[in-house]
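A.B. asks: Dropping in model.cif, with mmCIF, C-alpha atoms.
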```
data_data
loop_
_atom_site.label_atom_id
_atom_site.label_comp_id
_atom_site.auth_asym_id
_atom_site.auth_seq_id
_atom_site.Cartn_x
_atom_site.Cartn_y
_atom_site.Cartn_z
CA MET V 1275 70.86 18.67 2.37
CA LYS V 1276 67.79 18.13 0.22
CA ALA V 1277 66.89 15.03 2.25
CA LEU V 1278 67.16 17.01 5.52
CA ALA V 1279 65.01 19.80 4.10
CA ALA V 1280 62.40 17.31 2.97
CA ARG V 1281 62.20 15.73 6.43
CA ARG V 1282 62.01 19.14 8.04
CA HIS V 1283 58.94 20.02 5.97
CA ASP V 1284 57.22 16.67 6.42
CA ARG V 1285 53.42 17.02 6.37
CA ARG V 1286 53.21 15.11 9.65
CA ALA V 1287 55.35 17.67 11.49
CA PRO V 1288 52.42 20.00 12.50
CA VAL V 1289 50.53 17.05 14.00
CA VAL V 1290 53.57 15.95 15.98
CA LEU V 1291 54.15 19.50 17.21
CA LEU V 1292 50.48 19.83 18.23
CA LEU V 1293 50.61 16.59 20.21
CA LEU V 1294 53.81 17.70 21.93
CA ALA V 1295 52.22 21.06 22.82
CA LEU V 1296 49.12 19.35 24.28
CA LEU V 1297 51.32 16.98 26.30
CA LEU V 1298 53.36 19.89 27.65
CA THR V 1299 50.20 21.86 28.52
CA GLY V 1300 48.72 18.90 30.41
CA ALA V 1301 51.94 18.38 32.35
CA LEU V 1302 52.14 22.04 33.32
CA TYR V 1303 48.50 22.08 34.43
CA ALA V 1304 49.00 19.00 36.59
CA VAL V 1305 51.92 20.70 38.33
CA LEU V 1306 50.56 24.24 38.65
CA ALA V 1307 46.79 23.74 39.03
CA PRO V 1308 45.41 24.81 42.44
CA THR V 1309 44.50 22.04 44.85
CA THR V 1310 40.83 21.53 45.66
CA ALA V 1311 39.12 21.34 49.02
CA ASP V 1312 39.00 17.55 48.69
CA ALA V 1313 42.78 17.31 48.63
CA ALA V 1314 43.00 18.52 52.22
CA ALA V 1315 40.08 16.53 53.54
CA PRO V 1316 40.75 14.91 56.93
CA THR V 1317 40.42 11.15 57.10
CA ALA V 1318 37.36 9.97 59.02
CA THR V 1319 37.75 7.11 61.47
CA ALA V 1320 35.69 3.92 61.32
CA ASP V 1321 34.09 4.78 64.67
CA GLN V 1322 33.07 8.21 63.36
CA VAL V 1323 31.48 6.70 60.25
CA GLU V 1324 29.67 4.12 62.40
CA LEU V 1325 28.28 6.83 64.69
CA GLY V 1326 27.25 8.86 61.67
CA GLU V 1327 25.34 5.92 60.22
CA LYS V 1328 23.44 5.45 63.48
CA LEU V 1329 22.55 9.15 63.58
CA PHE V 1330 21.50 9.02 59.95
CA GLN V 1331 19.21 6.04 60.46
CA ALA V 1332 17.59 7.72 63.46
CA ASN V 1333 17.16 11.22 61.99
CA CYS V 1334 17.51 11.24 58.20
CA ALA V 1335 16.53 7.85 56.77
CA THR V 1336 12.79 8.61 56.91
CA CYS V 1337 13.17 11.10 54.05
CA HIS V 1338 16.43 10.15 52.32
CA GLY V 1339 16.00 6.38 52.58
CA PRO V 1340 17.87 3.87 54.77
CA ASP V 1341 20.74 3.70 52.28
CA ALA V 1342 20.70 7.48 51.55
CA THR V 1343 19.77 6.94 47.90
CA GLY V 1344 16.69 9.12 48.24
CA THR V 1345 12.99 8.57 47.62
CA ASP V 1346 10.41 9.84 45.14
CA GLU V 1347 10.18 13.16 47.01
CA TYR V 1348 13.63 13.60 48.54
CA PRO V 1349 17.07 13.57 46.91
CA SER V 1350 19.86 11.02 47.16
CA LEU V 1351 22.81 11.99 49.34
CA VAL V 1352 25.30 9.72 47.61
CA GLY V 1353 28.07 11.95 46.27
CA VAL V 1354 27.00 15.22 47.92
CA GLY V 1355 30.08 15.12 50.14
CA ALA V 1356 30.81 16.12 53.72
CA ALA V 1357 30.53 19.84 52.93
CA ALA V 1358 26.83 19.58 52.02
CA VAL V 1359 26.04 17.77 55.28
CA ASP V 1360 28.08 20.19 57.38
CA PHE V 1361 26.25 23.14 55.79
CA GLN V 1362 22.72 21.76 55.90
CA VAL V 1363 22.93 20.28 59.41
CA GLY V 1364 25.30 22.93 60.79
CA THR V 1365 22.89 25.74 59.87
CA GLY V 1366 19.87 23.88 61.23
CA ARG V 1367 18.23 23.48 57.83
CA MET V 1368 18.36 19.72 58.26
CA PRO V 1369 16.57 17.77 59.57
CA ALA V 1370 13.82 19.81 57.93
CA GLN V 1371 10.99 21.00 60.14
CA MET V 1372 8.33 21.43 57.46
CA ASN V 1373 7.79 21.41 53.73
CA GLY V 1374 7.73 24.69 51.85
CA PRO V 1375 9.21 26.61 48.92
CA GLN V 1376 12.52 26.73 50.77
CA ILE V 1377 14.05 24.98 53.79
CA GLN V 1378 14.71 27.65 56.40
CA ALA V 1379 17.57 27.86 58.86
CA LYS V 1380 16.66 27.13 62.48
CA PRO V 1381 18.46 26.27 65.75
CA VAL V 1382 21.00 23.48 65.21
CA GLN V 1383 19.86 20.12 66.59
CA PHE V 1384 23.25 18.35 66.80
CA ASP V 1385 26.60 19.17 68.39
CA GLN V 1386 29.71 19.56 66.26
CA ASP V 1387 30.95 16.00 66.86
CA GLN V 1388 27.62 14.58 65.72
CA ILE V 1389 27.60 16.82 62.64
CA ALA V 1390 31.13 15.67 61.79
CA ALA V 1391 30.05 12.03 62.20
CA LEU V 1392 27.05 12.50 59.90
CA ALA V 1393 29.28 14.23 57.35
CA ALA V 1394 31.82 11.41 57.55
CA TYR V 1395 29.14 8.78 56.96
CA VAL V 1396 27.66 10.55 53.93
CA ALA V 1397 31.15 11.18 52.55
CA SER V 1398 31.86 7.45 52.80
CA LEU V 1399 28.98 6.74 50.38
CA GLY V 1400 30.58 8.56 47.45
CA PRO V 1401 33.13 11.28 46.64
CA GLY V 1402 32.05 14.91 46.98
CA PRO V 1403 33.19 18.31 48.29
CA SER V 1404 34.83 18.10 51.70
CA VAL V 1405 34.66 20.53 54.62
CA PRO V 1406 37.16 23.35 53.92
CA THR V 1407 40.25 23.83 56.02
CA ALA V 1408 40.78 26.79 58.35
CA ASP V 1409 43.19 28.40 55.88
CA GLN V 1410 40.68 28.19 53.04
CA VAL V 1411 38.10 30.23 54.97
CA ASP V 1412 40.41 32.61 56.85
CA PRO V 1413 39.22 36.16 56.02
CA ALA V 1414 42.56 37.62 57.10
CA GLN V 1415 44.23 35.87 54.15
CA GLY V 1416 41.68 37.14 51.63
CA ASP V 1417 41.51 40.30 49.53
CA PRO V 1418 38.20 42.07 50.29
CA ALA V 1419 38.57 44.44 47.31
CA ASN V 1420 38.79 41.54 44.87
CA GLY V 1421 36.06 39.80 46.86
CA LEU V 1422 33.76 42.79 46.30
CA ASP V 1423 34.22 42.55 42.52
CA LEU V 1424 33.68 38.78 42.54
CA PHE V 1425 30.64 38.99 44.80
CA ARG V 1426 28.92 41.66 42.73
CA THR V 1427 29.61 39.69 39.54
CA ASN V 1428 28.47 36.28 40.80
CA CYS V 1429 26.27 36.75 43.88
CA ALA V 1430 24.75 40.23 44.13
CA MET V 1431 21.84 39.54 41.77
CA CYS V 1432 20.35 37.30 44.48
CA HIS V 1433 22.01 38.22 47.78
CA ASN V 1434 22.08 42.01 47.25
CA ALA V 1435 25.27 44.01 46.61
CA VAL V 1436 26.34 43.81 50.26
CA GLY V 1437 24.99 40.35 51.11
CA ALA V 1438 21.84 41.59 52.85
CA GLY V 1439 19.67 39.04 51.01
CA GLY V 1440 16.71 39.45 48.70
CA ALA V 1441 13.50 37.94 47.36
CA LEU V 1442 13.41 35.28 44.63
CA SER V 1443 10.51 33.79 42.69
CA GLN V 1444 7.86 31.31 43.92
CA GLY V 1445 8.22 32.19 47.60
CA LYS V 1446 11.97 31.58 47.74
CA TYR V 1447 14.60 34.03 48.95
CA ALA V 1448 18.35 34.54 49.12
CA PRO V 1449 19.27 34.74 52.82
CA ASN V 1450 21.19 37.47 54.58
CA LEU V 1451 24.85 36.41 54.72
CA TRP V 1452 26.06 38.69 57.49
CA GLY V 1453 25.61 36.11 60.25
CA THR V 1454 26.85 33.15 58.21
CA THR V 1455 30.17 31.63 59.27
CA PRO V 1456 33.04 31.64 56.73
CA THR V 1457 32.96 27.83 56.63
CA HIS V 1458 29.27 27.74 55.76
CA VAL V 1459 29.73 30.44 53.10
CA TYR V 1460 32.46 28.35 51.46
CA GLU V 1461 30.38 25.18 51.71
CA ALA V 1462 27.39 26.90 50.12
CA MET V 1463 29.53 27.95 47.18
CA VAL V 1464 30.87 24.44 46.52
CA THR V 1465 27.58 22.56 47.09
CA GLY V 1466 24.90 24.94 45.76
CA PRO V 1467 22.09 24.48 48.29
CA GLN V 1468 18.50 24.81 47.03
CA SER V 1469 18.27 27.56 44.36
CA MET V 1470 21.96 28.50 44.55
CA PRO V 1471 24.27 27.41 41.69
CA VAL V 1472 27.48 25.49 42.36
CA PHE V 1473 30.69 27.52 42.18
CA ASN V 1474 33.35 24.87 41.72
CA ASP V 1475 37.06 25.59 41.52
CA ALA V 1476 36.84 26.08 37.77
CA THR V 1477 34.35 28.92 38.32
CA LEU V 1478 35.82 30.46 41.48
CA THR V 1479 39.22 29.30 42.70
CA PRO V 1480 39.73 28.57 46.42
CA ASP V 1481 41.58 31.89 46.74
CA GLU V 1482 38.71 33.76 45.10
CA LYS V 1483 36.22 32.10 47.44
CA ARG V 1484 38.34 33.28 50.36
CA ASP V 1485 38.34 36.80 48.91
CA ILE V 1486 34.52 36.76 48.85
CA ILE V 1487 34.51 35.61 52.48
CA ALA V 1488 36.86 38.47 53.38
CA PHE V 1489 34.48 40.94 51.72
CA LEU V 1490 31.42 39.54 53.52
CA GLU V 1491 33.18 39.74 56.88
CA LEU V 1492 33.26 43.53 56.51
CA GLN V 1493 29.52 43.86 55.79
CA GLY V 1494 26.81 44.54 58.34
CA GLU V 1495 29.17 46.41 60.66
CA GLY V 1496 27.60 49.84 60.17
CA SER V 1497 27.23 52.25 57.29
CA PRO V 1498 29.95 54.88 56.80
CA GLY V 1499 27.62 56.82 54.49
CA GLY V 1500 24.82 57.31 57.03
CA ILE V 1501 21.56 55.40 57.52
CA ASP V 1502 21.77 52.13 55.58
CA LEU V 1503 17.96 51.81 55.15
CA GLY V 1504 18.29 48.05 55.47
CA SER V 1505 20.98 47.87 52.76
CA LEU V 1506 18.27 46.82 50.30
CA GLY V 1507 19.34 49.12 47.51
CA PRO V 1508 17.21 51.42 45.32
CA VAL V 1509 13.82 50.20 46.60
CA SER V 1510 14.21 51.48 50.15
CA GLU V 1511 16.20 54.50 48.97
CA GLY V 1512 13.55 55.44 46.41
CA LEU V 1513 10.78 54.95 48.96
CA TRP V 1514 12.60 57.27 51.36
CA ALA V 1515 13.03 59.89 48.62
CA TRP V 1516 9.37 59.83 47.58
CA ILE V 1517 7.72 59.68 51.00
CA VAL V 1518 10.10 61.81 53.05
CA GLY V 1519 11.72 63.99 50.38
CA MET V 1520 8.60 64.71 48.35
CA GLY V 1521 6.54 64.99 51.54
CA LEU V 1522 8.82 67.71 52.86
CA LEU V 1523 8.69 69.57 49.54
CA ILE V 1524 4.87 69.42 49.43
CA GLY V 1525 4.68 70.53 53.05
CA ALA V 1526 7.00 73.44 52.36
CA ALA V 1527 4.91 74.47 49.33
CA VAL V 1528 1.69 74.37 51.36
CA TRP V 1529 3.31 76.39 54.16
CA ILE V 1530 4.57 79.02 51.71
CA GLY V 1531 1.15 79.25 50.07
CA ALA V 1532 -0.57 79.65 53.43
CA ARG V 1533 1.84 82.40 54.50
CA SER V 1534 1.39 84.37 51.28
CA SER V 1535 -2.45 84.37 51.35
#
```
Starting from the file, lay out its structure as structure tokens.
C.D. replies:
Amino acid sequence: MKALAARRHDRRAPVVLLLLALLLTGALYAVLAPTTADAAAPTATADQVELGEKLFQANCATCHGPDATGTDEYPSLVGVGAAAVDFQVGTGRMPAQMNGPQIQAKPVQFDQDQIAALAAYVASLGPGPSVPTADQVDPAQGDPANGLDLFRTNCAMCHNAVGAGGALSQGKYAPNLWGTTPTHVYEAMVTGPQSMPVFNDATLTPDEKRDIIAFLELQGEGSPGGIDLGSLGPVSEGLWAWIVGMGLLIGAAVWIGARSS
């Protein structure tokens, strides 16, 4: 009995138990962790990659280099993934029209097949975020109430509390999100274009991203509280109060004074 008790209180027992707990935690995480957008990425064909390379050489290599590794002024595209290409080209930001503090959206210059081919070629250069699936960006499967909380915690400081956009420093701005497709919203979150930070799955899970999309789908469809004043928050509301509200009060005071004299 004494020998059993001595083994039971061996000084190495806590270390063994800690290692077993870490092993069990890792196994559970591997089984229960949510899948990422890359797990559901469609496989690109060789023909699609070949077409994408031709389009890249004709339209993108001047800035990003013939092998997409970038130049002194423009970034490398190796490892940015298909999602970054689909967002930048699909919103018309790329190919860029001019230099400036921020690349602006403009009419799209390629059809969807060409955009997919460009994305497939860039994705073949190195692993990166893939284009999300239809389920991942379906607003009907999201929770807009949770999306509101997540958006105001992570996004409202730049994009405004309802996604109407806002000014940033050095001539940059956060764009209005009301006309942005759910796919492009998701892609912006996982790639972090320009001044936007990257919200990977450790920061916002795929379900939480879909909740944010569900919230944004309800914005810009009217204001149940009356005139929205551009949905720009206290600036436009305060301006309205001072100019219109105070103006009416001053006018009323002048009118009363004139009537009493």
A.B. asks: Given the file shown, enumerate the residues that the PyMOL selection byres ((chain V and resi 1367) around 7) captures and present them as a list of chain:residue names.
C.D. replies: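 The output of the PyMOL selection byres ((chain V and resi 1367) around 7) on this file is V:Gln1362, V:Val1363, V:Thr1365, V:Gly1366, V:Met1368, V:Pro1369, V:Ala1370, V:Ile1377, V:Gln1378, V:Ala1379, V:Lys1380.
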A.B. asks: Take atom CA of V:Asp1387 and atom CA of V:Thr1343 and report the distance between them in Å, one decimal.
C.D. replies: 23.8 Å
A.B. asks: Evaluate the PyMOL selection byres ((chain V and resi 1476-1481) around 9) against this structure - the residues, as a list in words, please.
C.D. replies: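 That expression, the PyMOL selection byres ((chain V and resi 1476-1481) around 9), corresponds here to Pro1308, Thr1309, Thr1310, Ala1311, Gln1410, Val1411, Gln1415, Gly1416, Asp1417, Leu1424, Tyr1460, Met1463, Val1472, Phe1473, Asn1474, Asp1475, Glu1482, Lys1483, Arg1484, Asp1485 and Ile1486 of chain V.
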A.B. asks: Could you check how far atom CA of V:Asn1373 sits from atom CA of V:Leu1392, in Å to one decimal?
C.D. replies: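 Calculated distance between atom CA of V:Asn1373 and atom CA of V:Leu1392 is 22.1 Å.
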A.B. asks: Could you tell me which residues the PyMOL selection byres ((chain V and resi 1338) around 12) grabs in this file, written as a list in words?
C.D. replies: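 After applying the PyMOL selection byres ((chain V and resi 1338) around 12), what remains is Phe1330, Gln1331, Ala1332, Asn1333, Cys1334, Ala1335, Thr1336, Cys1337, Gly1339, Pro1340, Asp1341, Ala1342, Thr1343, Gly1344, Thr1345, Asp1346, Glu1347, Tyr1348, Pro1349, Ser1350, Leu1351, Val1352, Met1368, Pro1369, Ala1370 and Val1396 of chain V.
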A.B. asks: What does the structure give for the distance between atom CA of V:Gly1374 and atom CA of V:Met1470, in Å to one decimal?
C.D. replies: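 Result for atom CA of V:Gly1374 versus atom CA of V:Met1470: 16.4 Å, one decimal.
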A.B. asks: May I ask which of the residues V:Ile1530, V:Leu1422, V:Ile1524, V:Ala1357 is the closest one to V:Thr1407, counting all atoms listed in the file?
C.D. replies: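 Once distances to V:Thr1407 are computed over all atoms listed in the file, the minimum belongs to V:Ala1357.
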A.B. asks: So, with all atoms listed in the file as the atoms that count, which of V:Ser1443, V:Asn1428, V:Pro1456, V:Asp1423 lies closest to V:Pro1471?
C.D. replies: V:Asn1428
